Amino acid sequence: MVSHNKAQQADLRRLCAALGEIVNVSSFVETTYNLFESFDKPEHATNIDHCEECRDHNDEVNGVNRRDLSPEQIGTVCWGISSFLTPQATGYYIPRLIELAVTGQDDKDGDPYMCLFINQIGLNSESEQFSLLTNEQRLAVCNSLGILKNSYIQLLIEHCWEDEIDNAITQWTT
Ligand SMILES: [Zn+2]
């Protein structure tokens with residue numbers, strides 16, 4: 001029988017935790033898609049009668065299926081669709097936004113999409129956009145922010161988002 005000393009045990013625990021995180025991110029994404037299946041794809045992603053910008057953002061989304069929504073379509077902090085989505089469209093598309101954030105994808109400009117996610121979703125938990133989310137669905141958003149903090153803290157520090165990730169987690173837990 002192999003016996004490990006304390007240092008080896010600590011190393012093994014760290015290794016297991018690291019492997020667990022890798023496995024958990026992809027299963028977390030699939031669980032999240034399932035959790036938001038209560039939202040059907042809406043006819044329009046934004047309130048097209050509101051203004052020209054809303055109509056433009058709806059055209060940008062172009063009725064795409066949620067898994068096919070691309071970083072190109074989502075845009076950037078300066079010009080992007082996510083804060084224009086209706087409550088129904090938010091529920092339908094948010095698993096894709098969570099997926100792009102927790103898997104560390106880049107936005108249209110090549111910056112980490114998670115910064116945009118923290119800004120427009122993380123720091124707006126009280127927005128009308130999220131009014132249709134159940135407690136369980138809100139918890140999934142909160143968990144996605146926790147994954148960002150656990151897995152990408154170095155990247156967040158580099159982009160000066162380390163305070164905002166804490167603020168976002170606080171918003172979605174309270
Ligand atoms: Zn508008």
# chains A, B, ... in the order shown; residues from 1 in each chain; ligands from 1
$ residues_around --residues "stretch 45-53 of chain A" --least-positions-apart "6" --cutoff "12 Å" --atoms "only C-alpha atoms" --output "PyMOL selection string"
chain A and resi 59-66+69+74+79-94+129
$ write_last_selection --atoms "C-alpha atoms" --output "PDB file, in the first residue's frame"
ATOM      1  CA  ASP A  59     -31.394  42.681 -36.451  1.00  0.00           C
ATOM      2  CA  GLU A  60     -27.933  41.875 -35.103  1.00  0.00           C
ATOM      3  CA  VAL A  61     -29.285  38.868 -33.173  1.00  0.00           C
ATOM      4  CA  ASN A  62     -31.365  37.940 -36.252  1.00  0.00           C
ATOM      5  CA  GLY A  63     -33.409  35.253 -34.477  1.00  0.00           C
ATOM      6  CA  VAL A  64     -30.392  32.985 -34.049  1.00  0.00           C
ATOM      7  CA  ASN A  65     -30.634  29.900 -31.818  1.00  0.00           C
ATOM      8  CA  ARG A  66     -29.117  30.534 -28.404  1.00  0.00           C
ATOM      9  CA  LEU A  69     -25.151  33.497 -30.748  1.00  0.00           C
ATOM     10  CA  ILE A  74     -22.881  40.185 -28.869  1.00  0.00           C
ATOM     11  CA  TRP A  79     -21.908  48.724 -28.811  1.00  0.00           C
ATOM     12  CA  GLY A  80     -23.514  45.479 -27.785  1.00  0.00           C
ATOM     13  CA  ILE A  81     -26.814  43.687 -27.527  1.00  0.00           C
ATOM     14  CA  SER A  82     -26.833  42.256 -24.024  1.00  0.00           C
ATOM     15  CA  SER A  83     -28.319  45.164 -22.085  1.00  0.00           C
ATOM     16  CA  PHE A  84     -31.011  45.653 -24.776  1.00  0.00           C
ATOM     17  CA  LEU A  85     -32.470  42.149 -24.573  1.00  0.00           C
ATOM     18  CA  THR A  86     -36.051  41.844 -23.339  1.00  0.00           C
ATOM     19  CA  PRO A  87     -36.643  39.830 -20.132  1.00  0.00           C
ATOM     20  CA  GLN A  88     -37.783  36.880 -22.273  1.00  0.00           C
ATOM     21  CA  ALA A  89     -34.767  37.123 -24.608  1.00  0.00           C
ATOM     22  CA  THR A  90     -32.440  37.514 -21.631  1.00  0.00           C
ATOM     23  CA  GLY A  91     -33.714  34.223 -20.197  1.00  0.00           C
ATOM     24  CA  TYR A  92     -33.345  32.528 -23.565  1.00  0.00           C
ATOM     25  CA  TYR A  93     -29.831  33.789 -24.435  1.00  0.00           C
ATOM     26  CA  ILE A  94     -28.198  34.068 -21.002  1.00  0.00           C
ATOM     27  CA  GLN A 129     -34.082  42.402 -17.825  1.00  0.00           C
TER      28      GLN A 129
END
$ residues_around --residues "A:Thr174" --least-positions-apart "4" --cutoff "12 Å" --atoms "only C-alpha atoms" --output "PDB file with C-alpha atoms, in the first residue's frame"
ATOM      1  CA  SER A 125     -28.770  42.243 -10.998  1.00  0.00           C
ATOM      2  CA  GLU A 126     -31.759  44.492 -10.232  1.00  0.00           C
ATOM      3  CA  ASN A 135     -34.231  31.888  -7.713  1.00  0.00           C
ATOM      4  CA  ARG A 138     -30.381  33.613 -10.435  1.00  0.00           C
ATOM      5  CA  LEU A 139     -28.168  31.218  -8.482  1.00  0.00           C
ATOM      6  CA  CYS A 142     -24.172  33.907  -9.315  1.00  0.00           C
ATOM      7  CA  ASN A 167     -19.274  43.609  -6.330  1.00  0.00           C
ATOM      8  CA  ALA A 168     -21.083  41.470  -8.907  1.00  0.00           C
ATOM      9  CA  ILE A 169     -21.037  38.368  -6.699  1.00  0.00           C
ATOM     10  CA  THR A 170     -22.406  40.438  -3.791  1.00  0.00           C
TER      11      THR A 170
END
$ select_by_dssp --residues "chain A" --states "helix (DSSP H, G or I)" --output "PyMOL selection string"
chain A and resi 6-35+52-61+66-68+71-74+82-84+87-102+113-122+128-130+135-158+162-173
$ select_by_dssp --residues "chain A" --states "strand (DSSP E or B)" --output "list in words"
Gly75, Gly80, Asp106 and Pro112 of chain A
$ closest_residue --among "A:Trp172, A:Thr76, A:Asp40, A:Ser151" --to "A:Asp106" --atoms "only C-alpha atoms"
A:Thr76
$ atom_distance --atom1 "atom CA of A:Ser144" --atom2 "atom CA of A:Arg55"
29.3 Å
$ closest_residue --among "A:Ser26, A:Gln120, A:Met114, A:Cys160" --to "A:Leu145" --atoms "only C-alpha atoms"
A:Met114
$ closest_residue --among "A:Pro71, A:Tyr33, A:Ala10, A:Asn150" --to "A:Phe117" --atoms "only C-alpha atoms"
A:Pro71
$ atom_distance --atom1 "atom CA of A:Ile118" --atom2 "atom CA of A:Ile98"
10.2 Å
$ atom_distance --atom1 "atom CA of A:Asn34" --atom2 "atom CA of A:Gly110"
28.7 Å
$ closest_residue --among "A:Asp56, A:Glu30, A:Asp111, A:Glu43" --to "ligand 1" --atoms "only C-alpha atoms and all ligand atoms"
A:Asp56
$ closest_residue --among "A:Gln154, A:Thr32, A:Ser127, A:Ser38" --to "A:Ala140" --atoms "only C-alpha atoms"
A:Thr32
$ decode --residues "stretch 22-136 of chain A" --atoms "C-alpha atoms" --output "PDB file, in the first residue's frame"
ATOM      1  CA  ILE A  22     -11.985  21.726 -15.443  1.00  0.00           C
ATOM      2  CA  VAL A  23     -14.668  19.020 -15.496  1.00  0.00           C
ATOM      3  CA  ASN A  24     -17.122  21.192 -13.627  1.00  0.00           C
ATOM      4  CA  VAL A  25     -16.995  24.137 -16.008  1.00  0.00           C
ATOM      5  CA  SER A  26     -18.267  22.132 -18.984  1.00  0.00           C
ATOM      6  CA  SER A  27     -20.881  20.286 -16.926  1.00  0.00           C
ATOM      7  CA  PHE A  28     -21.893  23.588 -15.322  1.00  0.00           C
ATOM      8  CA  VAL A  29     -22.488  25.027 -18.807  1.00  0.00           C
ATOM      9  CA  GLU A  30     -24.728  22.110 -19.838  1.00  0.00           C
ATOM     10  CA  THR A  31     -26.636  22.241 -16.539  1.00  0.00           C
ATOM     11  CA  THR A  32     -27.160  25.951 -17.129  1.00  0.00           C
ATOM     12  CA  TYR A  33     -28.577  25.411 -20.650  1.00  0.00           C
ATOM     13  CA  ASN A  34     -31.007  22.865 -19.168  1.00  0.00           C
ATOM     14  CA  LEU A  35     -31.961  25.163 -16.333  1.00  0.00           C
ATOM     15  CA  PHE A  36     -32.976  27.945 -18.731  1.00  0.00           C
ATOM     16  CA  GLU A  37     -34.978  25.701 -21.064  1.00  0.00           C
ATOM     17  CA  SER A  38     -38.104  27.224 -19.521  1.00  0.00           C
ATOM     18  CA  PHE A  39     -37.494  30.175 -21.882  1.00  0.00           C
ATOM     19  CA  ASP A  40     -38.586  29.694 -25.501  1.00  0.00           C
ATOM     20  CA  LYS A  41     -36.914  31.700 -28.239  1.00  0.00           C
ATOM     21  CA  PRO A  42     -38.805  34.988 -28.478  1.00  0.00           C
ATOM     22  CA  GLU A  43     -39.892  36.409 -31.815  1.00  0.00           C
ATOM     23  CA  HIS A  44     -37.818  39.551 -31.190  1.00  0.00           C
ATOM     24  CA  ALA A  45     -34.712  39.809 -29.009  1.00  0.00           C
ATOM     25  CA  THR A  46     -35.298  43.483 -28.185  1.00  0.00           C
ATOM     26  CA  ASN A  47     -38.264  45.838 -27.995  1.00  0.00           C
ATOM     27  CA  ILE A  48     -38.213  46.773 -31.696  1.00  0.00           C
ATOM     28  CA  ASP A  49     -40.847  49.499 -31.268  1.00  0.00           C
ATOM     29  CA  HIS A  50     -38.699  51.372 -28.756  1.00  0.00           C
ATOM     30  CA  CYS A  51     -36.109  53.050 -30.983  1.00  0.00           C
ATOM     31  CA  GLU A  52     -33.758  52.581 -33.891  1.00  0.00           C
ATOM     32  CA  GLU A  53     -30.984  51.222 -31.710  1.00  0.00           C
ATOM     33  CA  CYS A  54     -33.288  48.536 -30.321  1.00  0.00           C
ATOM     34  CA  ARG A  55     -34.258  47.581 -33.876  1.00  0.00           C
ATOM     35  CA  ASP A  56     -30.589  47.438 -34.908  1.00  0.00           C
ATOM     36  CA  HIS A  57     -29.742  45.143 -31.999  1.00  0.00           C
ATOM     37  CA  ASN A  58     -32.661  42.882 -32.849  1.00  0.00           C
ATOM     38  CA  ASP A  59     -31.394  42.681 -36.451  1.00  0.00           C
ATOM     39  CA  GLU A  60     -27.933  41.875 -35.103  1.00  0.00           C
ATOM     40  CA  VAL A  61     -29.285  38.868 -33.173  1.00  0.00           C
ATOM     41  CA  ASN A  62     -31.365  37.940 -36.252  1.00  0.00           C
ATOM     42  CA  GLY A  63     -33.409  35.253 -34.477  1.00  0.00           C
ATOM     43  CA  VAL A  64     -30.392  32.985 -34.049  1.00  0.00           C
ATOM     44  CA  ASN A  65     -30.634  29.900 -31.818  1.00  0.00           C
ATOM     45  CA  ARG A  66     -29.117  30.534 -28.404  1.00  0.00           C
ATOM     46  CA  ARG A  67     -26.119  28.219 -28.832  1.00  0.00           C
ATOM     47  CA  ASP A  68     -25.238  29.946 -32.106  1.00  0.00           C
ATOM     48  CA  LEU A  69     -25.151  33.497 -30.748  1.00  0.00           C
ATOM     49  CA  SER A  70     -21.589  34.611 -31.568  1.00  0.00           C
ATOM     50  CA  PRO A  71     -19.197  37.025 -29.824  1.00  0.00           C
ATOM     51  CA  GLU A  72     -19.382  39.026 -33.068  1.00  0.00           C
ATOM     52  CA  GLN A  73     -23.144  39.457 -32.576  1.00  0.00           C
ATOM     53  CA  ILE A  74     -22.881  40.185 -28.869  1.00  0.00           C
ATOM     54  CA  GLY A  75     -20.519  43.086 -29.544  1.00  0.00           C
ATOM     55  CA  THR A  76     -18.556  45.147 -27.050  1.00  0.00           C
ATOM     56  CA  VAL A  77     -19.069  47.347 -23.999  1.00  0.00           C
ATOM     57  CA  CYS A  78     -19.512  50.345 -26.337  1.00  0.00           C
ATOM     58  CA  TRP A  79     -21.908  48.724 -28.811  1.00  0.00           C
ATOM     59  CA  GLY A  80     -23.514  45.479 -27.785  1.00  0.00           C
ATOM     60  CA  ILE A  81     -26.814  43.687 -27.527  1.00  0.00           C
ATOM     61  CA  SER A  82     -26.833  42.256 -24.024  1.00  0.00           C
ATOM     62  CA  SER A  83     -28.319  45.164 -22.085  1.00  0.00           C
ATOM     63  CA  PHE A  84     -31.011  45.653 -24.776  1.00  0.00           C
ATOM     64  CA  LEU A  85     -32.470  42.149 -24.573  1.00  0.00           C
ATOM     65  CA  THR A  86     -36.051  41.844 -23.339  1.00  0.00           C
ATOM     66  CA  PRO A  87     -36.643  39.830 -20.132  1.00  0.00           C
ATOM     67  CA  GLN A  88     -37.783  36.880 -22.273  1.00  0.00           C
ATOM     68  CA  ALA A  89     -34.767  37.123 -24.608  1.00  0.00           C
ATOM     69  CA  THR A  90     -32.440  37.514 -21.631  1.00  0.00           C
ATOM     70  CA  GLY A  91     -33.714  34.223 -20.197  1.00  0.00           C
ATOM     71  CA  TYR A  92     -33.345  32.528 -23.565  1.00  0.00           C
ATOM     72  CA  TYR A  93     -29.831  33.789 -24.435  1.00  0.00           C
ATOM     73  CA  ILE A  94     -28.198  34.068 -21.002  1.00  0.00           C
ATOM     74  CA  PRO A  95     -26.871  30.453 -20.925  1.00  0.00           C
ATOM     75  CA  ARG A  96     -24.838  31.293 -24.036  1.00  0.00           C
ATOM     76  CA  LEU A  97     -23.522  34.478 -22.401  1.00  0.00           C
ATOM     77  CA  ILE A  98     -22.597  32.440 -19.308  1.00  0.00           C
ATOM     78  CA  GLU A  99     -20.900  29.826 -21.520  1.00  0.00           C
ATOM     79  CA  LEU A 100     -18.760  32.417 -23.319  1.00  0.00           C
ATOM     80  CA  ALA A 101     -17.772  33.991 -19.990  1.00  0.00           C
ATOM     81  CA  VAL A 102     -16.872  30.864 -17.985  1.00  0.00           C
ATOM     82  CA  THR A 103     -14.996  29.244 -20.872  1.00  0.00           C
ATOM     83  CA  GLY A 104     -12.827  32.355 -21.247  1.00  0.00           C
ATOM     84  CA  GLN A 105     -13.823  33.332 -24.808  1.00  0.00           C
ATOM     85  CA  ASP A 106     -12.824  36.646 -26.362  1.00  0.00           C
ATOM     86  CA  ASP A 107     -15.251  39.368 -27.390  1.00  0.00           C
ATOM     87  CA  LYS A 108     -15.438  40.936 -30.852  1.00  0.00           C
ATOM     88  CA  ASP A 109     -12.389  43.148 -30.108  1.00  0.00           C
ATOM     89  CA  GLY A 110     -10.274  40.293 -28.731  1.00  0.00           C
ATOM     90  CA  ASP A 111     -10.713  41.275 -25.078  1.00  0.00           C
ATOM     91  CA  PRO A 112     -11.968  38.667 -22.592  1.00  0.00           C
ATOM     92  CA  TYR A 113     -15.765  38.529 -22.965  1.00  0.00           C
ATOM     93  CA  MET A 114     -16.066  37.984 -19.195  1.00  0.00           C
ATOM     94  CA  CYS A 115     -15.330  41.699 -18.597  1.00  0.00           C
ATOM     95  CA  LEU A 116     -18.372  42.651 -20.680  1.00  0.00           C
ATOM     96  CA  PHE A 117     -20.384  39.949 -18.891  1.00  0.00           C
ATOM     97  CA  ILE A 118     -19.410  41.300 -15.454  1.00  0.00           C
ATOM     98  CA  ASN A 119     -20.196  44.852 -16.545  1.00  0.00           C
ATOM     99  CA  GLN A 120     -23.584  44.332 -18.201  1.00  0.00           C
ATOM    100  CA  ILE A 121     -24.926  41.343 -16.292  1.00  0.00           C
ATOM    101  CA  GLY A 122     -22.891  41.029 -13.107  1.00  0.00           C
ATOM    102  CA  LEU A 123     -23.359  44.629 -12.032  1.00  0.00           C
ATOM    103  CA  ASN A 124     -27.044  44.921 -13.049  1.00  0.00           C
ATOM    104  CA  SER A 125     -28.770  42.243 -10.998  1.00  0.00           C
ATOM    105  CA  GLU A 126     -31.759  44.492 -10.232  1.00  0.00           C
ATOM    106  CA  SER A 127     -32.390  45.330 -13.900  1.00  0.00           C
ATOM    107  CA  GLU A 128     -35.862  44.702 -15.351  1.00  0.00           C
ATOM    108  CA  GLN A 129     -34.082  42.402 -17.825  1.00  0.00           C
ATOM    109  CA  PHE A 130     -33.651  39.747 -15.140  1.00  0.00           C
ATOM    110  CA  SER A 131     -37.177  40.024 -13.726  1.00  0.00           C
ATOM    111  CA  LEU A 132     -38.336  36.658 -15.108  1.00  0.00           C
ATOM    112  CA  LEU A 133     -35.487  34.627 -13.606  1.00  0.00           C
ATOM    113  CA  THR A 134     -36.339  32.121 -10.867  1.00  0.00           C
ATOM    114  CA  ASN A 135     -34.231  31.888  -7.713  1.00  0.00           C
ATOM    115  CA  GLU A 136     -32.523  28.808  -9.130  1.00  0.00           C
TER     116      GLU A 136
END
